[in-house]
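Below: structure_7.cif (mmCIF, C-alpha atoms and all ligand atoms)
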```cif
data_entry
loop_
_atom_site.label_atom_id
_atom_site.label_comp_id
_atom_site.auth_asym_id
_atom_site.auth_seq_id
_atom_site.Cartn_x
_atom_site.Cartn_y
_atom_site.Cartn_z
CA MET A 680 20.81 -47.04 -33.68
CA ARG A 681 19.69 -49.24 -30.77
CA LYS A 682 16.75 -47.91 -28.78
CA LYS A 683 17.92 -49.44 -25.53
CA PHE A 684 21.35 -49.01 -23.95
CA LEU A 685 23.39 -52.21 -24.09
CA THR A 686 24.74 -52.59 -20.56
CA PHE A 687 28.28 -53.92 -20.31
CA GLY A 688 28.61 -57.12 -18.28
CA SER A 689 25.03 -57.66 -17.18
CA PRO A 690 24.44 -61.12 -15.67
CA LEU A 691 22.05 -63.87 -16.76
CA ILE A 692 19.98 -65.16 -13.82
CA GLU A 693 17.55 -67.99 -14.59
CA GLU A 694 14.54 -69.60 -12.87
CA ALA A 695 16.69 -72.26 -11.21
CA GLU A 696 18.64 -69.59 -9.27
CA ILE A 697 15.48 -67.73 -8.32
CA ASN A 698 13.81 -70.91 -7.04
CA GLU A 699 16.91 -71.92 -5.10
CA VAL A 700 17.10 -68.51 -3.42
CA LYS A 701 13.40 -68.79 -2.54
CA ASP A 702 14.02 -72.20 -1.05
CA THR A 703 16.88 -70.84 1.01
CA LEU A 704 14.84 -67.88 2.25
CA LYS A 705 12.03 -70.21 3.29
CA SER A 706 14.42 -72.68 4.94
CA GLY A 707 15.18 -70.24 7.73
CA TRP A 708 18.93 -70.75 7.28
CA LEU A 709 20.27 -67.75 5.39
CA GLY A 710 23.86 -67.75 6.57
CA THR A 711 26.75 -70.07 5.82
CA GLY A 712 25.30 -73.57 5.72
CA PRO A 713 24.52 -76.63 3.62
CA LYS A 714 24.22 -74.79 0.30
CA THR A 715 27.57 -73.08 0.75
CA LYS A 716 29.04 -76.49 1.52
CA LEU A 717 27.49 -77.99 -1.62
CA PHE A 718 28.71 -75.12 -3.81
CA GLU A 719 32.20 -75.53 -2.34
CA GLU A 720 32.18 -79.27 -3.08
CA ASN A 721 30.99 -78.71 -6.63
CA PHE A 722 33.53 -75.95 -7.20
CA SER A 723 36.40 -78.01 -5.86
CA LYS A 724 35.49 -80.82 -8.31
CA TYR A 725 35.14 -78.32 -11.13
CA SER A 726 38.49 -76.69 -10.47
CA ASN A 727 40.28 -79.97 -9.78
CA ALA A 728 41.47 -78.73 -6.39
CA LYS A 729 41.25 -80.64 -3.11
CA TYR A 730 39.80 -77.77 -1.09
CA ALA A 731 37.46 -74.90 -1.94
CA ILE A 732 36.40 -72.23 0.54
CA GLY A 733 33.43 -69.99 -0.23
CA LEU A 734 33.87 -66.31 0.62
CA ASN A 735 32.03 -63.04 0.13
CA SER A 736 34.51 -61.83 -2.52
CA CYS A 737 37.68 -62.56 -4.43
CA THR A 738 39.30 -59.61 -2.66
CA ALA A 739 38.62 -61.39 0.64
CA GLY A 740 40.29 -64.50 -0.77
CA LEU A 741 43.41 -62.63 -1.83
CA HIS A 742 43.61 -60.93 1.57
CA LEU A 743 43.13 -64.20 3.48
CA ALA A 744 45.70 -65.99 1.31
CA LEU A 745 48.32 -63.36 2.10
CA ASP A 746 47.42 -63.37 5.80
CA ALA A 747 47.32 -67.18 6.06
CA LEU A 748 50.70 -67.44 4.33
CA GLY A 749 52.13 -65.12 6.96
CA VAL A 750 52.84 -62.15 4.71
CA LYS A 751 53.48 -59.11 6.89
CA SER A 752 54.82 -55.62 7.10
CA GLY A 753 58.07 -55.15 5.19
CA ASP A 754 57.51 -58.11 2.87
CA GLU A 755 57.34 -57.76 -0.90
CA ILE A 756 54.82 -59.34 -3.26
CA ILE A 757 55.46 -59.45 -6.99
CA THR A 758 52.42 -58.73 -9.13
CA THR A 759 51.23 -57.03 -12.29
CA PRO A 760 50.22 -53.38 -12.66
CA MET A 761 47.56 -54.36 -15.23
CA THR A 762 44.84 -55.45 -12.84
CA PHE A 763 41.89 -54.30 -10.80
CA PRO A 764 43.35 -52.43 -7.81
CA ALA A 765 41.91 -55.01 -5.36
CA THR A 766 44.95 -57.15 -6.19
CA THR A 767 47.40 -54.57 -4.91
CA ASN A 768 45.11 -53.13 -2.23
CA VAL A 769 45.22 -56.41 -0.26
CA ILE A 770 49.02 -56.33 -0.36
CA GLU A 771 48.79 -52.90 1.26
CA HIS A 772 46.29 -54.29 3.81
CA VAL A 773 48.87 -56.70 5.22
CA GLY A 774 51.51 -53.95 5.24
CA ALA A 775 53.55 -55.43 2.41
CA ARG A 776 54.81 -53.71 -0.73
CA PRO A 777 53.46 -54.51 -4.18
CA VAL A 778 56.43 -54.90 -6.51
CA LEU A 779 55.09 -54.38 -10.00
CA VAL A 780 56.52 -56.20 -13.00
CA ASP A 781 55.54 -54.94 -16.44
CA ILE A 782 53.23 -56.90 -18.73
CA LYS A 783 53.51 -58.23 -22.26
CA ARG A 784 51.64 -56.19 -24.83
CA ASN A 785 50.10 -59.18 -26.59
CA THR A 786 48.67 -61.03 -23.57
CA PHE A 787 48.30 -58.12 -21.07
CA ASN A 788 49.68 -60.55 -18.46
CA ILE A 789 52.78 -60.21 -16.27
CA ASP A 790 55.99 -60.74 -18.27
CA GLU A 791 57.29 -63.91 -16.66
CA LYS A 792 60.79 -63.22 -18.02
CA LYS A 793 61.02 -60.07 -15.89
CA ILE A 794 59.96 -61.66 -12.59
CA GLU A 795 63.34 -62.99 -11.51
CA GLU A 796 65.07 -59.60 -11.63
CA ALA A 797 62.40 -58.19 -9.27
CA ILE A 798 63.04 -60.76 -6.52
CA THR A 799 64.81 -59.55 -3.36
CA SER A 800 65.44 -61.07 0.08
CA ARG A 801 62.09 -59.60 1.16
CA THR A 802 60.01 -61.22 -1.60
CA LYS A 803 57.45 -63.67 -0.19
CA ALA A 804 55.07 -64.43 -3.04
CA ILE A 805 54.16 -63.93 -6.67
CA MET A 806 50.57 -62.90 -7.46
CA PRO A 807 49.85 -63.47 -11.15
CA VAL A 808 46.55 -62.19 -12.55
CA HIS A 809 44.97 -64.07 -15.45
CA LEU A 810 43.74 -60.97 -17.22
CA THR A 811 40.60 -61.18 -19.40
CA GLY A 812 40.53 -64.96 -18.69
CA ARG A 813 43.91 -65.78 -20.24
CA PRO A 814 46.15 -67.76 -17.87
CA CYS A 815 49.66 -66.48 -17.22
CA GLU A 816 52.72 -68.63 -18.03
CA MET A 817 52.19 -70.73 -14.92
CA ASP A 818 54.92 -73.31 -15.61
CA VAL A 819 57.59 -70.60 -15.59
CA ILE A 820 56.04 -68.79 -12.62
CA VAL A 821 55.80 -71.95 -10.47
CA GLN A 822 59.38 -72.85 -11.40
CA ILE A 823 60.67 -69.45 -10.30
CA ALA A 824 58.66 -69.71 -7.07
CA GLU A 825 60.18 -73.11 -6.29
CA LYS A 826 63.70 -71.89 -7.06
CA TYR A 827 63.39 -68.92 -4.65
CA LYS A 828 61.02 -70.62 -2.14
CA LEU A 829 58.19 -68.19 -2.80
CA LYS A 830 54.44 -68.79 -2.63
CA VAL A 831 52.13 -68.29 -5.61
CA ILE A 832 48.69 -66.72 -5.15
CA GLU A 833 46.68 -66.57 -8.37
CA ASP A 834 44.11 -63.88 -8.98
CA ALA A 835 41.72 -65.85 -11.16
CA ALA A 836 38.81 -63.39 -10.90
CA HIS A 837 38.50 -63.56 -14.72
CA ALA A 838 39.56 -67.13 -15.21
CA ALA A 839 37.25 -69.72 -13.59
CA GLU A 840 37.11 -71.72 -16.84
CA ALA A 841 40.76 -71.45 -17.86
CA TYR A 842 43.33 -74.19 -18.35
CA PHE A 843 47.07 -73.68 -18.71
CA LYS A 844 48.68 -76.43 -20.82
CA GLY A 845 46.02 -78.91 -19.71
CA LEU A 846 46.04 -77.91 -16.03
CA LYS A 847 42.87 -76.39 -14.61
CA VAL A 848 43.32 -72.96 -13.08
CA GLY A 849 42.60 -73.53 -9.40
CA SER A 850 44.73 -76.66 -9.20
CA ILE A 851 48.11 -75.31 -10.29
CA SER A 852 49.79 -73.28 -7.53
CA ASP A 853 49.58 -72.78 -3.75
CA VAL A 854 46.28 -70.92 -3.79
CA THR A 855 43.86 -69.48 -6.35
CA CYS A 856 41.16 -66.85 -5.83
CA PHE A 857 37.98 -66.55 -7.91
CA SER A 858 35.33 -63.83 -8.08
CA PHE A 859 31.56 -64.20 -8.45
CA TYR A 860 30.90 -60.46 -8.61
CA VAL A 861 27.95 -59.37 -10.80
CA THR A 862 30.01 -58.84 -13.95
CA LYS A 863 32.03 -62.06 -13.73
CA ASN A 864 31.46 -65.34 -15.58
CA ILE A 865 29.87 -67.01 -12.52
CA VAL A 866 27.65 -64.64 -10.53
CA THR A 867 26.47 -64.76 -6.90
CA GLY A 868 25.87 -61.01 -6.40
CA GLU A 869 28.97 -60.64 -4.30
CA GLY A 870 31.04 -63.73 -3.76
CA GLY A 871 34.34 -65.50 -4.18
CA MET A 872 36.12 -68.81 -3.75
CA VAL A 873 39.61 -69.88 -2.79
CA THR A 874 41.03 -73.21 -3.94
CA THR A 875 44.13 -75.01 -2.72
CA ASN A 876 45.56 -78.52 -2.44
CA ASP A 877 47.18 -77.73 0.92
CA LYS A 878 45.02 -78.87 3.85
CA LYS A 879 46.76 -76.72 6.46
CA LEU A 880 46.41 -73.63 4.32
CA ALA A 881 42.75 -74.43 3.59
CA ASP A 882 42.04 -74.72 7.33
CA LYS A 883 43.82 -71.45 8.07
CA ILE A 884 41.87 -69.63 5.36
CA ARG A 885 38.55 -71.09 6.48
CA ILE A 886 39.12 -70.18 10.13
CA ARG A 887 40.25 -66.68 9.20
CA SER A 888 37.17 -66.23 7.00
CA LEU A 889 34.81 -66.44 9.99
CA HIS A 890 36.19 -64.44 12.90
CA GLY A 891 39.08 -66.85 13.53
CA ILE A 892 36.90 -69.08 15.63
CA SER A 893 37.37 -72.81 15.66
CA LYS A 894 36.43 -74.99 12.70
CA ASP A 895 32.79 -75.55 11.79
CA ALA A 896 31.93 -72.45 13.79
CA TRP A 897 29.04 -71.81 11.40
CA LYS A 898 27.26 -74.81 12.97
CA ARG A 899 27.13 -73.32 16.44
CA PHE A 900 23.42 -72.50 16.17
CA SER A 901 22.43 -75.55 14.07
CA GLU A 902 20.19 -78.43 15.07
CA GLU A 903 23.25 -80.22 16.40
CA GLY A 904 22.78 -77.86 19.30
CA TYR A 905 24.84 -75.01 20.66
CA SER A 906 28.51 -75.74 21.11
CA HIS A 907 31.22 -73.58 22.60
CA TYR A 908 33.76 -72.07 20.30
CA GLU A 909 37.12 -70.54 20.81
CA THR A 910 38.87 -67.71 19.03
CA ILE A 911 42.22 -68.98 17.84
CA TYR A 912 43.09 -66.02 15.60
CA PRO A 913 41.74 -62.47 15.15
CA GLY A 914 39.95 -63.35 11.94
CA PHE A 915 37.76 -61.52 9.45
CA LYS A 916 34.10 -61.61 8.37
CA TYR A 917 34.51 -62.93 4.86
CA ASN A 918 32.26 -66.01 4.74
CA MET A 919 29.94 -66.88 1.88
CA ILE A 920 26.26 -67.31 2.80
CA ASP A 921 23.66 -69.74 1.48
CA ILE A 922 21.74 -67.03 -0.42
CA GLN A 923 24.88 -66.44 -2.48
CA ALA A 924 25.60 -70.15 -2.85
CA SER A 925 22.02 -70.67 -4.10
CA LEU A 926 22.96 -68.63 -7.15
CA GLY A 927 26.39 -70.19 -7.49
CA ILE A 928 25.21 -73.81 -7.50
CA HIS A 929 23.13 -73.22 -10.65
CA GLN A 930 25.51 -70.78 -12.30
CA LEU A 931 28.25 -73.40 -12.00
CA LYS A 932 26.08 -76.01 -13.76
CA ARG A 933 25.95 -73.78 -16.82
CA VAL A 934 29.59 -72.72 -16.77
CA ASN A 935 30.68 -74.83 -19.76
CA ALA A 936 27.61 -74.05 -21.85
CA ASN A 937 28.09 -70.35 -21.15
CA LEU A 938 31.74 -70.52 -22.16
CA LEU A 939 30.66 -71.87 -25.57
CA ILE A 940 28.21 -68.99 -26.00
CA ARG A 941 30.90 -66.41 -25.23
CA GLU A 942 33.34 -68.24 -27.51
CA ASN A 943 30.82 -67.94 -30.31
CA TYR A 944 30.41 -64.17 -29.71
CA TRP A 945 34.19 -63.88 -29.50
CA ASN A 946 34.56 -65.48 -32.95
CA LEU A 947 31.86 -63.25 -34.44
CA TYR A 948 33.82 -60.19 -33.23
CA ASN A 949 37.12 -61.60 -34.51
CA GLN A 950 35.73 -62.36 -37.97
CA VAL A 951 34.95 -58.68 -38.57
CA PHE A 952 37.60 -56.92 -36.49
CA GLN A 953 40.58 -58.92 -37.77
CA SER A 954 40.42 -57.04 -41.07
CA ILE A 955 40.20 -53.55 -39.49
CA PRO A 956 43.74 -52.11 -39.40
CA GLN A 957 42.87 -49.67 -36.58
CA ILE A 958 42.12 -52.57 -34.21
CA ILE A 959 44.32 -55.25 -32.65
CA ILE A 960 42.14 -58.25 -31.80
CA PRO A 961 42.88 -60.52 -28.79
CA TYR A 962 46.00 -62.63 -29.11
CA GLU A 963 45.24 -66.26 -29.95
CA ASP A 964 47.21 -68.98 -28.14
CA LYS A 965 46.34 -72.62 -28.78
CA SER A 966 48.22 -73.97 -25.74
CA ILE A 967 45.72 -72.51 -23.27
CA THR A 968 41.98 -72.54 -22.68
CA HIS A 969 40.91 -68.93 -22.42
CA ALA A 970 37.99 -68.28 -20.04
CA ARG A 971 36.63 -65.64 -22.46
CA HIS A 972 35.74 -63.23 -19.69
CA LEU A 973 36.58 -60.02 -21.51
CA TYR A 974 36.82 -59.39 -25.25
CA THR A 975 39.42 -56.67 -25.20
CA ILE A 976 40.70 -54.85 -28.26
CA ILE A 977 43.60 -52.42 -28.59
CA LEU A 978 43.06 -49.27 -30.65
CA ARG A 979 45.93 -48.23 -32.93
CA LEU A 980 45.79 -44.57 -31.94
CA LYS A 981 48.20 -43.41 -34.64
CA GLN A 982 45.64 -44.48 -37.22
CA LEU A 983 42.73 -42.74 -35.52
CA LYS A 984 41.65 -39.11 -35.07
CA ILE A 985 40.18 -39.84 -31.62
CA ASP A 986 41.63 -41.29 -28.43
CA ARG A 987 40.32 -44.28 -26.49
CA ASP A 988 38.11 -42.25 -24.15
CA GLN A 989 36.44 -40.54 -27.09
CA PHE A 990 35.95 -43.95 -28.72
CA ILE A 991 34.12 -45.13 -25.59
CA LEU A 992 32.00 -41.98 -25.57
CA GLU A 993 31.09 -42.51 -29.23
CA LEU A 994 30.02 -46.07 -28.39
CA LYS A 995 27.92 -44.78 -25.50
CA ASN A 996 26.31 -42.17 -27.74
CA ILE A 997 24.98 -44.96 -29.93
CA ASN A 998 23.83 -46.92 -26.86
CA ILE A 999 26.68 -49.43 -26.52
CA GLY A 1000 28.30 -49.85 -23.11
CA SER A 1001 31.98 -50.82 -22.94
CA GLY A 1002 34.73 -51.03 -20.33
CA VAL A 1003 38.40 -50.32 -19.62
CA HIS A 1004 40.40 -53.22 -18.16
CA TYR A 1005 42.37 -51.49 -16.85
CA THR A 1006 44.09 -48.26 -16.13
CA SER A 1007 47.40 -49.58 -14.79
CA VAL A 1008 47.65 -49.61 -10.99
CA HIS A 1009 50.80 -47.44 -11.09
CA LEU A 1010 48.75 -44.61 -12.61
CA HIS A 1011 46.20 -44.53 -9.76
CA LYS A 1012 46.55 -41.66 -7.29
CA TYR A 1013 47.34 -43.70 -4.17
CA TYR A 1014 50.04 -45.84 -5.80
CA ARG A 1015 51.41 -43.03 -7.96
CA GLU A 1016 51.92 -40.84 -4.90
CA LYS A 1017 53.04 -43.49 -2.41
CA TYR A 1018 55.66 -45.04 -4.69
CA SER A 1019 56.43 -41.97 -6.88
CA PHE A 1020 55.59 -43.90 -10.02
CA LYS A 1021 56.10 -42.30 -13.41
CA LYS A 1022 53.94 -43.26 -16.35
CA ASN A 1023 56.82 -44.89 -18.20
CA ASP A 1024 58.03 -46.99 -15.27
CA TYR A 1025 55.81 -49.71 -16.76
CA PRO A 1026 55.76 -48.79 -20.45
CA ASN A 1027 53.71 -51.75 -21.67
CA ALA A 1028 51.07 -51.38 -18.96
CA ALA A 1029 50.90 -47.64 -19.73
CA TRP A 1030 50.58 -48.40 -23.44
CA VAL A 1031 47.68 -50.81 -22.86
CA SER A 1032 46.04 -48.39 -20.37
CA ASP A 1033 45.69 -45.78 -23.12
CA ARG A 1034 44.40 -48.12 -25.83
CA THR A 1035 42.32 -50.87 -24.26
CA VAL A 1036 38.56 -51.25 -24.76
CA SER A 1037 36.45 -54.21 -23.66
CA LEU A 1038 33.32 -54.91 -25.68
CA PRO A 1039 30.17 -56.59 -24.27
CA LEU A 1040 30.49 -60.38 -24.01
CA SER A 1041 27.83 -61.42 -21.50
CA VAL A 1042 25.85 -64.63 -22.18
CA GLN A 1043 22.74 -62.58 -21.58
CA LEU A 1044 23.28 -60.89 -24.97
CA THR A 1045 21.70 -62.03 -28.24
CA ASN A 1046 23.25 -62.40 -31.69
CA LYS A 1047 21.45 -59.16 -32.58
CA ASP A 1048 23.17 -57.39 -29.66
CA ILE A 1049 26.55 -58.63 -30.87
CA SER A 1050 25.87 -57.45 -34.42
CA ASP A 1051 24.82 -54.05 -33.01
CA VAL A 1052 28.20 -53.80 -31.28
CA ILE A 1053 30.02 -54.83 -34.45
CA ASP A 1054 28.11 -52.25 -36.53
CA ALA A 1055 28.82 -49.55 -33.96
CA VAL A 1056 32.56 -50.25 -33.90
CA VAL A 1057 32.77 -50.40 -37.69
CA GLU A 1058 30.88 -47.11 -37.97
CA ILE A 1059 33.03 -45.26 -35.44
CA ILE A 1060 36.24 -46.53 -36.99
CA SER A 1061 35.19 -45.49 -40.48
CA LEU A 1062 34.18 -42.05 -39.20
CA TYR A 1063 37.43 -41.40 -37.35
CA LYS A 1064 40.14 -43.31 -39.18
CA LYS A 1065 43.09 -41.35 -40.51
C1 LIG B 1101 36.72 -58.42 -9.91
C2 LIG B 1101 38.17 -58.55 -9.64
C3 LIG B 1101 38.69 -58.69 -8.35
C4 LIG B 1101 37.83 -58.52 -7.14
O1 LIG B 1101 36.79 -59.42 -7.10
P1 LIG B 1101 35.65 -59.19 -5.99
O2 LIG B 1101 34.93 -60.51 -5.97
O3 LIG B 1101 34.80 -58.08 -6.48
O4 LIG B 1101 36.34 -58.89 -4.72
C5 LIG B 1101 40.03 -58.92 -8.19
N1 LIG B 1101 40.87 -58.99 -9.23
C6 LIG B 1101 40.42 -58.84 -10.49
C7 LIG B 1101 41.40 -58.95 -11.62
C8 LIG B 1101 39.08 -58.59 -10.73
O5 LIG B 1101 38.64 -58.39 -11.97
#
```
For the file at hand, write its structure as structure tokens.
Amino acid sequence: MRKKFLTFGSPLIEEAEINEVKDTLKSGWLGTGPKTKLFEENFSKYSNAKYAIGLNSCTAGLHLALDALGVKSGDEIITTPMTFPATTNVIEHVGARPVLVDIKRNTFNIDEKKIEEAITSRTKAIMPVHLTGRPCEMDVIVQIAEKYKLKVIEDAAHAAEAYFKGLKVGSISDVTCFSFYVTKNIVTGEGGMVTTNDKKLADKIRIRSLHGISKDAWKRFSEEGYSHYETIYPGFKYNMIDIQASLGIHQLKRVNANLLIRENYWNLYNQVFQSIPQIIIPYEDKSITHARHLYTIILRLKQLKIDRDQFILELKNINIGSGVHYTSVHLHKYYREKYSFKKNDYPNAAWVSDRTVSLPLSVQLTNKDISDVIDAVVEIISLYKK
């Protein structure tokens, strides 16, 4: 057994980030400034989108996208129940109703074939979530949106590296939101980015991200000298700052190399787990580039004497951290009570909720760590298989 607990999703921070943060701290300009601008430029090139706006979280991006697109009380937004609740919380923030559409069991993503039947006269947008780093069927989703004149807001918190049929996530629909939270593939502590090809929308989001005061408001105390500003909208305080961008600039440089490392770990897991009947390994789809954010298995409970929670506890007892992505939104207290959801309203999301386990996949891990995880899983399965 491992002596030290293997923490799930711990980030890898290198000297370059540390030196850049030091430089920022010594520069005297800690807030939104030149480094945020540079990170935005680099990210917009990377994601093949015309505009990129740095924010303090992905949640902020989703909220601003809804607000900037004019979503308001009484509107409906179609999304997936299999997500982190931030996705649906922001819909609540603008007073709209999250209309959940069940997922597919193999991809864990929204079932694009069920979207059309959920559209009403109040529907304003579709919010697909690229769960685990696997892009949704964006061609179908964009087509439906065009047919019904809806907007598409992508939650790409897991999917910075993903491509759908050759198109980079971030360049595909109206607006895409990324997360740089500590467990994500690119890390800035807290942080997020919104990309879009629509200049008007980009301007609206940027202005809303910093109090709703006129453009370039962050410069008002710069060496260009004080300039008056005007509030043109009651905005929010969601801007990214240069300390965060200092991390992001260097994390982004390693994004492709890190993807290869996670891909390698992914394949090591697959090689062993594909021959264990109690486990369903991640679905393989050659038409997409998976961002390899989460290596998520499904436990075949009928072939096991323990449930998923016990499985996680057994892993913890031998010093392996793991995660659940996710318990379906419709099973959370607030949503369950507000919308009177029953477990089987979204049978596939409920099915995944009971069986899903994410194993460590951080680039900070070593081959030895990965083989410890493999040994632990193999041991628990052999102990508890029926
Ligand atoms: C992490 C996450 C978010 C929220 O990202 P923050 O940057 O922490 O706000 C939103 N959606 C999904 C699917 C996530 O995993």
- Task: Tell me, as a PyMOL selection string, which residues lie within 8 Å of Leu734 in chain A, counting all atoms listed in the file; anything in the same chain fewer than 2 positions away does not count.
- Result: chain A and resi 732+736-737+739-740+870-873+888+917-920
Residues at most 7 Å from ligand LIG 1101 (chain B), using all atoms listed in the file? Could they come as a CSV table (one decimal) with C-alpha atoms, in the coordinates of the input?
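Final output, saved to out.csv:
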```csv
chain,number,residue,atom,x,y,z
A,736,SER,CA,34.5,-61.8,-2.5
A,737,CYS,CA,37.7,-62.6,-4.4
A,738,THR,CA,39.3,-59.6,-2.7
A,739,ALA,CA,38.6,-61.4,0.6
A,762,THR,CA,44.8,-55.4,-12.8
A,763,PHE,CA,41.9,-54.3,-10.8
A,765,ALA,CA,41.9,-55.0,-5.4
A,766,THR,CA,45.0,-57.2,-6.2
A,808,VAL,CA,46.6,-62.2,-12.6
A,810,LEU,CA,43.7,-61.0,-17.2
A,834,ASP,CA,44.1,-63.9,-9.0
A,835,ALA,CA,41.7,-65.8,-11.2
A,836,ALA,CA,38.8,-63.4,-10.9
A,837,HIS,CA,38.5,-63.6,-14.7
A,858,SER,CA,35.3,-63.8,-8.1
A,859,PHE,CA,31.6,-64.2,-8.4
A,860,TYR,CA,30.9,-60.5,-8.6
A,869,GLU,CA,29.0,-60.6,-4.3
A,870,GLY,CA,31.0,-63.7,-3.8
A,871,GLY,CA,34.3,-65.5,-4.2
```
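The residue that comes closest to Tyr974 in chain A, out of A:Ile991, A:Lys916, A:Leu880, A:Ser1037 and on the basis of only C-alpha atoms, is A:Ser1037.
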| request: Give as a PyMOL selection string every residue, naming chains and numbers as the document does, that has an atom within 12 Å of (31.5, -79.4, -0.9), counting only C-alpha atoms. | output: chain A and resi 712-725+728-733+872+874+924+928
If we count all atoms listed in the file, what is near Ile1053 in chain A at a cut-off of 10 Å, once residues fewer than 4 positions away on the same chain are taken out, given as an mmCIF file with C-alpha atoms, in the coordinates of the input?
```
data_model
loop_
_atom_site.group_PDB
_atom_site.id
_atom_site.type_symbol
_atom_site.label_atom_id
_atom_site.label_comp_id
_atom_site.auth_asym_id
_atom_site.auth_seq_id
_atom_site.Cartn_x
_atom_site.Cartn_y
_atom_site.Cartn_z
ATOM 1 C CA LEU A 947 31.860 -63.250 -34.440
ATOM 2 C CA TYR A 948 33.820 -60.190 -33.230
ATOM 3 C CA ASN A 949 37.120 -61.600 -34.510
ATOM 4 C CA VAL A 951 34.950 -58.680 -38.570
ATOM 5 C CA PHE A 952 37.600 -56.920 -36.490
ATOM 6 C CA LEU A 1038 33.320 -54.910 -25.680
ATOM 7 C CA LYS A 1047 21.450 -59.160 -32.580
ATOM 8 C CA ASP A 1048 23.170 -57.390 -29.660
ATOM 9 C CA ILE A 1049 26.550 -58.630 -30.870
ATOM 10 C CA VAL A 1057 32.770 -50.400 -37.690
ATOM 11 C CA GLU A 1058 30.880 -47.110 -37.970
#
```
**Item:** Residue contacts of Pro760 in chain A (6 Å, all atoms listed in the file) excluding same-chain residues fewer than 6 positions away, as a list of chain:residue names
**Value:**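 Once the adjacent positions are removed, what remains is A:Leu779, A:Ser1007, A:Val1008.
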Using all atoms listed in the file, the shortest atom-to-atom distance to Arg979 in chain A among A:His1009, A:Phe1020, A:Lys1064, A:Ser689 belongs to A:Lys1064
Find the spatial neighbours of Val1031 in chain A, counting only C-alpha atoms, within a cut-off of 8 Å - ignore same-chain residues fewer than 4 positions away - and output them as a VMD selection string. chain A and resid 784 787 977 1027 1035
One residue among A:Val934, A:Ile892, A:Ala838, A:Val773 is nearest to His907 in chain A when using all atoms listed in the file, and that residue is A:Ile892
>> Counting only C-alpha atoms, which residues have an atom no more than 10 Å from (49.2, -75.6, -7.6) in the file's coordinates? Please list them as a PyMOL selection string.
In response: chain A and resi 728+817+821+830-833+846-855+874-877
What does the structure give for the distance between CA of Leu973 in chain A and CA of Leu1040 in chain A, in Å to one decimal?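 Taking CA of Leu973 in chain A and CA of Leu1040 in chain A, their separation equals 6.6 Å.
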Axis-aligned box for range 981-995 of chain A, 6 Å per side, centre and edges in Å as AutoDock Vina command-line options:
```
--center_x 38.1 --center_y -42.6 --center_z -30.7 --size_x 32.3 --size_y 19.0 --size_z 25.1
```
- Query: Closest to Ile958 in chain A among A:Ala881, A:Lys1017, A:Ile1059, A:Arg971, using all atoms listed in the file?
  - Reply: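 The shortest atom-to-atom distance to Ile958 in chain A comes from A:Ile1059.
The spacing separating CA of Pro807 in chain A from CA of Phe843 in chain A amounts to 13.0 Å.
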Closest of A:Ile967, A:Val1052, A:Leu978, A:Ala841 to Trp945 in chain A, counting all atoms listed in the file, is A:Val1052
| task | Tell me which of A:Val778, A:Glu796, A:Thr867, A:Arg887 sits closest to His929 in chain A, counting all atoms listed in the file. | result |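 Selected residue with least distance to His929 in chain A: A:Thr867.
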task = Quote the spacing between CA of Lys682 in chain A and CA of Pro1039 in chain A in Å to one decimal place.
result =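 Calculated distance between CA of Lys682 in chain A and CA of Pro1039 in chain A is 16.6 Å.
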